[in-house]
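Listing of upload-v6.pdb; format and content: PDB, C-alpha atoms.
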```pdb
ATOM      1  CA  MET A  27      -3.111 -13.866 -11.902
ATOM      2  CA  LEU A  28      -4.505 -10.346 -12.379
ATOM      3  CA  PHE A  29      -6.126 -11.472 -15.640
ATOM      4  CA  LEU A  30      -7.926 -14.308 -13.838
ATOM      5  CA  THR A  31      -9.095 -11.999 -11.055
ATOM      6  CA  GLN A  32     -10.517  -9.496 -13.513
ATOM      7  CA  ASN A  33     -12.476 -12.195 -15.321
ATOM      8  CA  MET A  34     -13.992 -13.778 -12.203
ATOM      9  CA  ASP A  35     -17.586 -12.897 -11.495
ATOM     10  CA  ILE A  36     -17.569  -9.953  -9.084
ATOM     11  CA  ILE A  37     -20.673 -11.293  -7.335
ATOM     12  CA  LYS A  38     -19.070 -14.656  -6.580
ATOM     13  CA  GLU A  39     -15.949 -12.924  -5.298
ATOM     14  CA  ASN A  40     -18.065 -11.238  -2.586
ATOM     15  CA  ILE A  41     -15.572  -8.396  -2.075
ATOM     16  CA  ARG A  42     -16.228  -6.025   0.822
ATOM     17  CA  ILE A  43     -16.785  -2.439  -0.312
ATOM     18  CA  GLY A  44     -17.521   0.837   1.421
ATOM     19  CA  MET A  45     -19.832   3.673   0.446
ATOM     20  CA  ILE A  46     -20.240   7.173   1.843
ATOM     21  CA  HIS A  47     -22.959   9.821   1.783
ATOM     22  CA  ASN A  48     -21.639  13.313   2.505
ATOM     23  CA  ASP A  49     -24.982  15.088   3.013
ATOM     24  CA  LEU A  50     -27.814  13.045   4.512
ATOM     25  CA  ALA A  51     -30.204  15.985   4.151
ATOM     26  CA  LYS A  52     -30.092  15.401   0.371
ATOM     27  CA  ALA A  53     -31.041  11.723   0.564
ATOM     28  CA  PRO A  54     -34.474  10.858  -0.856
ATOM     29  CA  ARG A  55     -37.338  10.127   1.539
ATOM     30  CA  TYR A  56     -39.730   7.225   1.166
ATOM     31  CA  SER A  57     -42.799   6.377   3.197
ATOM     32  CA  LEU A  58     -43.836   2.889   4.153
ATOM     33  CA  PRO A  59     -46.614   1.260   2.172
ATOM     34  CA  GLU A  60     -49.908   0.726   3.977
ATOM     35  CA  ARG A  61     -49.976  -2.173   6.411
ATOM     36  CA  PHE A  62     -46.231  -1.939   7.129
ATOM     37  CA  SER A  63     -44.712  -0.140  10.102
ATOM     38  CA  LEU A  64     -41.445   0.452  11.928
ATOM     39  CA  ARG A  65     -40.445   0.131  15.532
ATOM     40  CA  PHE A  66     -37.241   0.362  17.520
ATOM     41  CA  CYS A  67     -35.469  -2.577  19.100
ATOM     42  CA  GLN A  68     -37.125  -4.160  22.118
ATOM     43  CA  GLN A  69     -35.904  -6.606  24.706
ATOM     44  CA  GLY A  70     -35.442 -10.048  23.151
ATOM     45  CA  ASP A  71     -34.969  -8.765  19.593
ATOM     46  CA  GLN A  72     -31.502 -10.312  19.364
ATOM     47  CA  LYS A  73     -33.077 -13.572  18.178
ATOM     48  CA  VAL A  74     -35.344 -11.686  15.760
ATOM     49  CA  TRP A  75     -32.294  -9.931  14.279
ATOM     50  CA  VAL A  76     -30.500 -13.267  13.916
ATOM     51  CA  ASP A  77     -33.527 -14.900  12.266
ATOM     52  CA  ILE A  78     -33.925 -12.087   9.711
ATOM     53  CA  HIS A  79     -30.231 -12.077   8.851
ATOM     54  CA  LYS A  80     -30.011 -15.870   8.622
ATOM     55  CA  GLU A  81     -32.781 -15.856   6.029
ATOM     56  CA  ALA A  82     -31.521 -12.829   4.099
ATOM     57  CA  ASP A  83     -27.762 -13.390   4.201
ATOM     58  CA  GLN A  84     -26.330 -16.652   2.946
ATOM     59  CA  SER A  85     -22.790 -15.208   2.842
ATOM     60  CA  ASN A  86     -22.233 -14.921   6.601
ATOM     61  CA  ASP A  87     -22.610 -17.199   9.594
ATOM     62  CA  ILE A  88     -25.241 -15.457  11.696
ATOM     63  CA  ASP A  89     -26.014 -16.421  15.276
ATOM     64  CA  LEU A  90     -26.426 -14.769  18.683
ATOM     65  CA  HIS A  91     -22.652 -14.693  19.079
ATOM     66  CA  LYS A  92     -22.422 -12.652  15.855
ATOM     67  CA  PHE A  93     -25.066 -10.225  17.168
ATOM     68  CA  GLU A  94     -23.066  -9.716  20.367
ATOM     69  CA  GLU A  95     -19.840  -9.323  18.406
ATOM     70  CA  VAL A  96     -21.335  -6.723  16.071
ATOM     71  CA  PHE A  97     -23.118  -4.595  18.661
ATOM     72  CA  SER A  98     -20.880  -4.887  21.710
ATOM     73  CA  GLU A  99     -17.801  -3.525  19.903
ATOM     74  CA  HIS A 100     -19.131  -0.009  20.454
ATOM     75  CA  PRO A 101     -22.052  -0.232  22.884
ATOM     76  CA  LEU A 102     -24.857   2.168  22.056
ATOM     77  CA  PRO A 103     -28.552   1.964  23.030
ATOM     78  CA  LEU A 104     -30.155  -0.292  20.423
ATOM     79  CA  GLU A 105     -33.617   0.841  21.511
ATOM     80  CA  GLU A 106     -32.721   4.250  20.015
ATOM     81  CA  ARG A 107     -30.863   3.047  16.923
ATOM     82  CA  GLN A 108     -31.986  -0.349  15.666
ATOM     83  CA  LEU A 109     -35.107  -0.324  13.501
ATOM     84  CA  TYR A 110     -37.403  -3.221  12.695
ATOM     85  CA  LEU A 111     -39.697  -3.284   9.692
ATOM     86  CA  LEU A 112     -43.014  -4.976  10.521
ATOM     87  CA  ASN A 113     -45.550  -6.622   8.210
ATOM     88  CA  SER A 114     -49.330  -6.248   8.589
ATOM     89  CA  ASP A 115     -49.301  -8.866  11.389
ATOM     90  CA  ASN A 116     -46.681  -6.816  13.283
ATOM     91  CA  GLU A 117     -44.060  -9.490  12.617
ATOM     92  CA  PRO A 118     -40.501  -8.212  12.088
ATOM     93  CA  ILE A 119     -39.415  -8.810   8.497
ATOM     94  CA  GLY A 120     -36.508  -6.395   8.169
ATOM     95  CA  THR A 121     -33.946  -4.524  10.197
ATOM     96  CA  ALA A 122     -31.327  -1.786   9.916
ATOM     97  CA  THR A 123     -29.303   0.053  12.498
ATOM     98  CA  ALA A 124     -28.390   3.759  12.678
ATOM     99  CA  TRP A 125     -24.979   3.160  14.215
ATOM    100  CA  GLU A 126     -21.758   5.108  14.480
ATOM    101  CA  ARG A 127     -18.076   4.415  14.091
ATOM    102  CA  GLU A 128     -14.840   6.342  14.068
ATOM    103  CA  ARG A 129     -13.631   7.241  10.601
ATOM    104  CA  GLU A 130     -10.842   9.641   9.704
ATOM    105  CA  GLY A 131     -10.470  10.802  13.279
ATOM    106  CA  SER A 132     -14.103  11.568  14.071
ATOM    107  CA  ILE A 133     -17.299   9.712  14.902
ATOM    108  CA  ARG A 134     -19.502   9.307  11.820
ATOM    109  CA  GLY A 135     -22.915   7.840  11.140
ATOM    110  CA  LEU A 136     -22.935   4.225   9.992
ATOM    111  CA  VAL A 137     -25.742   2.376   8.239
ATOM    112  CA  HIS A 138     -25.235  -1.007   9.846
ATOM    113  CA  TRP A 139     -26.471  -4.516   9.035
ATOM    114  CA  VAL A 140     -29.458  -3.918   6.759
ATOM    115  CA  ALA A 141     -31.582  -6.969   5.895
ATOM    116  CA  ILE A 142     -35.080  -7.835   4.714
ATOM    117  CA  HIS A 143     -36.533 -11.332   4.830
ATOM    118  CA  PRO A 144     -36.353 -12.869   1.322
ATOM    119  CA  GLY A 145     -40.142 -13.328   1.233
ATOM    120  CA  TYR A 146     -40.486  -9.537   1.337
ATOM    121  CA  GLN A 147     -37.599  -8.543  -0.922
ATOM    122  CA  GLY A 148     -38.367  -6.909  -4.249
ATOM    123  CA  ARG A 149     -41.422  -5.061  -2.907
ATOM    124  CA  GLY A 150     -39.750  -1.661  -2.499
ATOM    125  CA  LEU A 151     -39.516  -2.005   1.290
ATOM    126  CA  ALA A 152     -35.779  -1.381   1.465
ATOM    127  CA  LYS A 153     -36.290   2.234   0.377
ATOM    128  CA  PRO A 154     -38.458   3.274   3.356
ATOM    129  CA  LEU A 155     -36.290   1.214   5.738
ATOM    130  CA  LEU A 156     -33.125   2.925   4.519
ATOM    131  CA  SER A 157     -34.896   6.293   4.486
ATOM    132  CA  ALA A 158     -35.939   5.835   8.135
ATOM    133  CA  THR A 159     -32.418   4.775   9.084
ATOM    134  CA  LEU A 160     -30.883   7.866   7.469
ATOM    135  CA  SER A 161     -33.523  10.081   9.100
ATOM    136  CA  ARG A 162     -32.677   8.560  12.466
ATOM    137  CA  LEU A 163     -28.984   9.242  11.898
ATOM    138  CA  MET A 164     -29.823  12.886  11.189
ATOM    139  CA  GLU A 165     -31.998  13.061  14.322
ATOM    140  CA  LEU A 166     -28.987  11.781  16.266
ATOM    141  CA  GLY A 167     -26.895  14.644  14.864
ATOM    142  CA  TYR A 168     -24.979  13.070  11.977
ATOM    143  CA  GLU A 169     -24.687  15.010   8.740
ATOM    144  CA  ASP A 170     -23.001  12.209   6.809
ATOM    145  CA  ALA A 171     -22.824   8.436   6.957
ATOM    146  CA  PHE A 172     -20.998   5.500   5.507
ATOM    147  CA  LEU A 173     -21.682   1.797   5.166
ATOM    148  CA  TYR A 174     -20.121  -1.468   4.120
ATOM    149  CA  SER A 175     -21.594  -3.992   1.758
ATOM    150  CA  SER A 176     -20.151  -6.536  -0.642
ATOM    151  CA  THR A 177     -20.120  -7.191  -4.354
ATOM    152  CA  ALA A 178     -22.458 -10.148  -3.779
ATOM    153  CA  ARG A 179     -25.172  -7.626  -2.937
ATOM    154  CA  MET A 180     -25.591  -5.742  -6.205
ATOM    155  CA  PRO A 181     -29.254  -4.783  -5.581
ATOM    156  CA  ALA A 182     -28.228  -3.232  -2.244
ATOM    157  CA  ILE A 183     -25.346  -1.341  -3.858
ATOM    158  CA  ASN A 184     -27.715  -0.026  -6.509
ATOM    159  CA  LEU A 185     -30.169   1.095  -3.789
ATOM    160  CA  TYR A 186     -27.448   2.866  -1.828
ATOM    161  CA  TRP A 187     -26.252   4.572  -5.013
ATOM    162  CA  LYS A 188     -29.779   5.848  -5.713
ATOM    163  CA  PHE A 189     -29.818   7.312  -2.197
ATOM    164  CA  GLY A 190     -26.640   9.287  -2.908
ATOM    165  CA  PHE A 191     -23.987   6.996  -1.463
ATOM    166  CA  ARG A 192     -20.786   6.913  -3.479
ATOM    167  CA  PRO A 193     -17.680   4.722  -3.415
ATOM    168  CA  LEU A 194     -15.523   4.968  -0.318
ATOM    169  CA  ILE A 195     -12.096   4.319  -1.774
ATOM    170  CA  THR A 196      -9.046   3.965   0.436
ATOM    171  CA  ASP A 197      -6.635   1.984  -1.775
ATOM    172  CA  ARG A 198      -5.820   1.038  -5.358
ATOM    173  CA  LYS A 199      -7.559  -2.346  -5.201
ATOM    174  CA  GLU A 200     -10.837  -0.581  -4.354
ATOM    175  CA  VAL A 201     -10.485   1.579  -7.472
ATOM    176  CA  GLU A 202     -10.399  -1.612  -9.578
ATOM    177  CA  THR A 203     -13.270  -3.187  -7.630
ATOM    178  CA  TRP A 204     -15.478  -0.115  -8.006
ATOM    179  CA  GLY A 205     -14.694   0.041 -11.723
ATOM    180  CA  ARG A 206     -15.989  -3.503 -12.037
ATOM    181  CA  VAL A 207     -19.045  -2.800  -9.847
ATOM    182  CA  THR A 208     -20.125   0.332 -11.701
ATOM    183  CA  SER A 209     -19.646  -1.260 -15.124
ATOM    184  CA  ARG A 210     -21.821  -4.192 -14.052
ATOM    185  CA  LEU A 211     -24.617  -2.053 -12.600
ATOM    186  CA  HIS A 212     -24.470   0.795 -15.113
ATOM    187  CA  LEU A 213     -24.966   3.261 -12.285
ATOM    188  CA  LYS A 214     -25.693   6.918 -12.953
TER     189      LYS A 214
END
```
So that I can check it, write out the structure of this file as structure tokens.
Amino acid sequence: MLFLTQNMDIIKENIRIGMIHNDLAKAPRYSLPERFSLRFCQQGDQKVWVDIHKEADQSNDIDLHKFEEVFSEHPLPLEERQLYLLNSDNEPIGTATAWEREREGSIRGLVHWVAIHPGYQGRGLAKPLLSATLSRLMELGYEDAFLYSSTARMPAINLYWKFGFRPLITDRKEVETWGRVTSRLHLK
């Protein structure tokens, strides 16, 4: 069975993985290209969040119930933490949240639910969105942050790695998974 698991495509397996950044001050900074902007969450953005994630994420069932589930578990003011990336027509095309969660006995920064509409992917917009999210976490007083992704999202993992996130390993299975991820991406 182990032999079969090792030979399966890691992307198709869609294994949840964690990553951690121990010093947000060392993360690279990127500015938005002209004609793009950012804003914080506004009333009614729940549907906008759902629409962006439905388009960008084919691995999860996304609806308003999922939004409530994700953000009511630890209620924080979204208007201070959830960012929206806007195109030149001021339409939201991406989102990320500077959240928090308990980890190892203390509250830590959490990069939460990052997504960009597929029509805007591959244009380098994830870098300034992630940069703004990490900056917001620092403004809120966090020195480090972690996140969760999955092996189906190799471009995202590569982006996080370039920002200084490293594997968050808590068990032996994750050691194997990360070995497979890093060999596939050839990360440095």
Exactly which residues make up the result of the PyMOL selection byres ((chain A and resi 121) around 6) on this file, given as a ChimeraX atom specification?
-> /A:109-111,120,122,140-141
Please write the residues from the selection above to a file, keeping C-alpha atoms, as a compact mmCIF listing (two decimals), in the frame of the given file.
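Heads up, here's the output in again.txt:
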```
# COMPACT_ATOMS: atom_id res chain seq x y z
CA LEU A 109 -35.11 -0.32 13.50
CA TYR A 110 -37.40 -3.22 12.70
CA LEU A 111 -39.70 -3.28 9.69
CA GLY A 120 -36.51 -6.40 8.17
CA ALA A 122 -31.33 -1.79 9.92
CA VAL A 140 -29.46 -3.92 6.76
CA ALA A 141 -31.58 -6.97 5.90
```
Identify which of the residues A:Asn48, A:Gly167, A:Gln68, A:Tyr186 lies closest to Leu155 (chain A), counting all atoms listed in the file when measuring atom-to-atom distances.
->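 Among A:Asn48, A:Gly167, A:Gln68, A:Tyr186, it is A:Tyr186 that comes nearest to Leu155 (chain A).
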For this file, the PyMOL selection byres ((chain A and resi 184) around 12) selects which residues, as a count of residues only?
-> 29
Between A:Val76, A:Ile142, A:Ala124, A:Ile37, which has the minimum distance to Thr159 (chain A) (counting all atoms listed in the file)?
->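 Of all the options, A:Ala124 lies closest to Thr159 (chain A).
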For Gly70 (chain A), please output as a VMD selection string all residues within 12 Å (counting only C-alpha atoms; exclusion window: fewer than 6 positions along the same chain).
-> chain A and resid 76 90 93 104 to 105
Atom pair CA of Pro101 (chain A) / CA of Cys67 (chain A): separation (Å) |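 If I compute the distance from CA of Pro101 (chain A) to CA of Cys67 (chain A), I get 14.1 Å.
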With distances taken over only C-alpha atoms, which of A:Val201, A:Met164, A:Leu136, A:Ala82 is nearest to Ile46 (chain A)?
->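 Comparing A:Val201, A:Met164, A:Leu136, A:Ala82 against Ile46 (chain A), the winner is A:Leu136.
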Which polymer residues have any atom within 10 Å of an atom of Pro118 (chain A), counting all atoms listed in the file, with same-chain residues fewer than 4 positions away left out, as a list in words?
->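 Within the cut-off, the hits are Phe62, Ser63, Leu64, Arg65, Asp71, Val74, Trp75, Asp77, Ile78, Leu109, Tyr110, Leu111, Leu112, Asn113, Ser114, Ile142 and His143 of chain A.
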Separation of CA of His100 (chain A) from CA of Arg134 (chain A) in Å =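 Atom-to-atom, CA of Arg134 (chain A) to CA of His100 (chain A), that is 12.7 Å.
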Measure the distance from CA of Glu200 (chain A) to CA of Ala51 (chain A) in Å and round it to one decimal.
->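 According to the coordinates, CA of Glu200 (chain A) and CA of Ala51 (chain A) are separated by 26.9 Å.
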Best match for closeness to Lys80 (chain A) among A:Trp125, A:Gly148, A:Ile119, A:Leu163, counting all atoms listed in the file |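 So, comparing all the options, the nearest one is A:Ile119.
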Report the centre and edge lengths, in Å to one decimal, of an axis-aligned box enclosing every atom of region 159-163 of chain A listed in the file, padded by 6 Å on each side, as lines of an AutoDock Vina configuration file.
```
center_x = -31.3
center_y = 7.4
center_z = 10.0
size_x = 16.5
size_y = 17.3
size_z = 17.0
```
Pick from A:Ile36, A:Tyr146, A:Val137, A:Leu160 nearest to Glu202 (chain A), counting all atoms listed in the file |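 Under the stated criterion, the closest residue is A:Ile36.
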Contact residues around Glu99 (chain A) with all atoms listed in the file at 12 Å, ignoring same-chain residues under 5 positions, as number ranges by chain = A: 92-94, 125-128
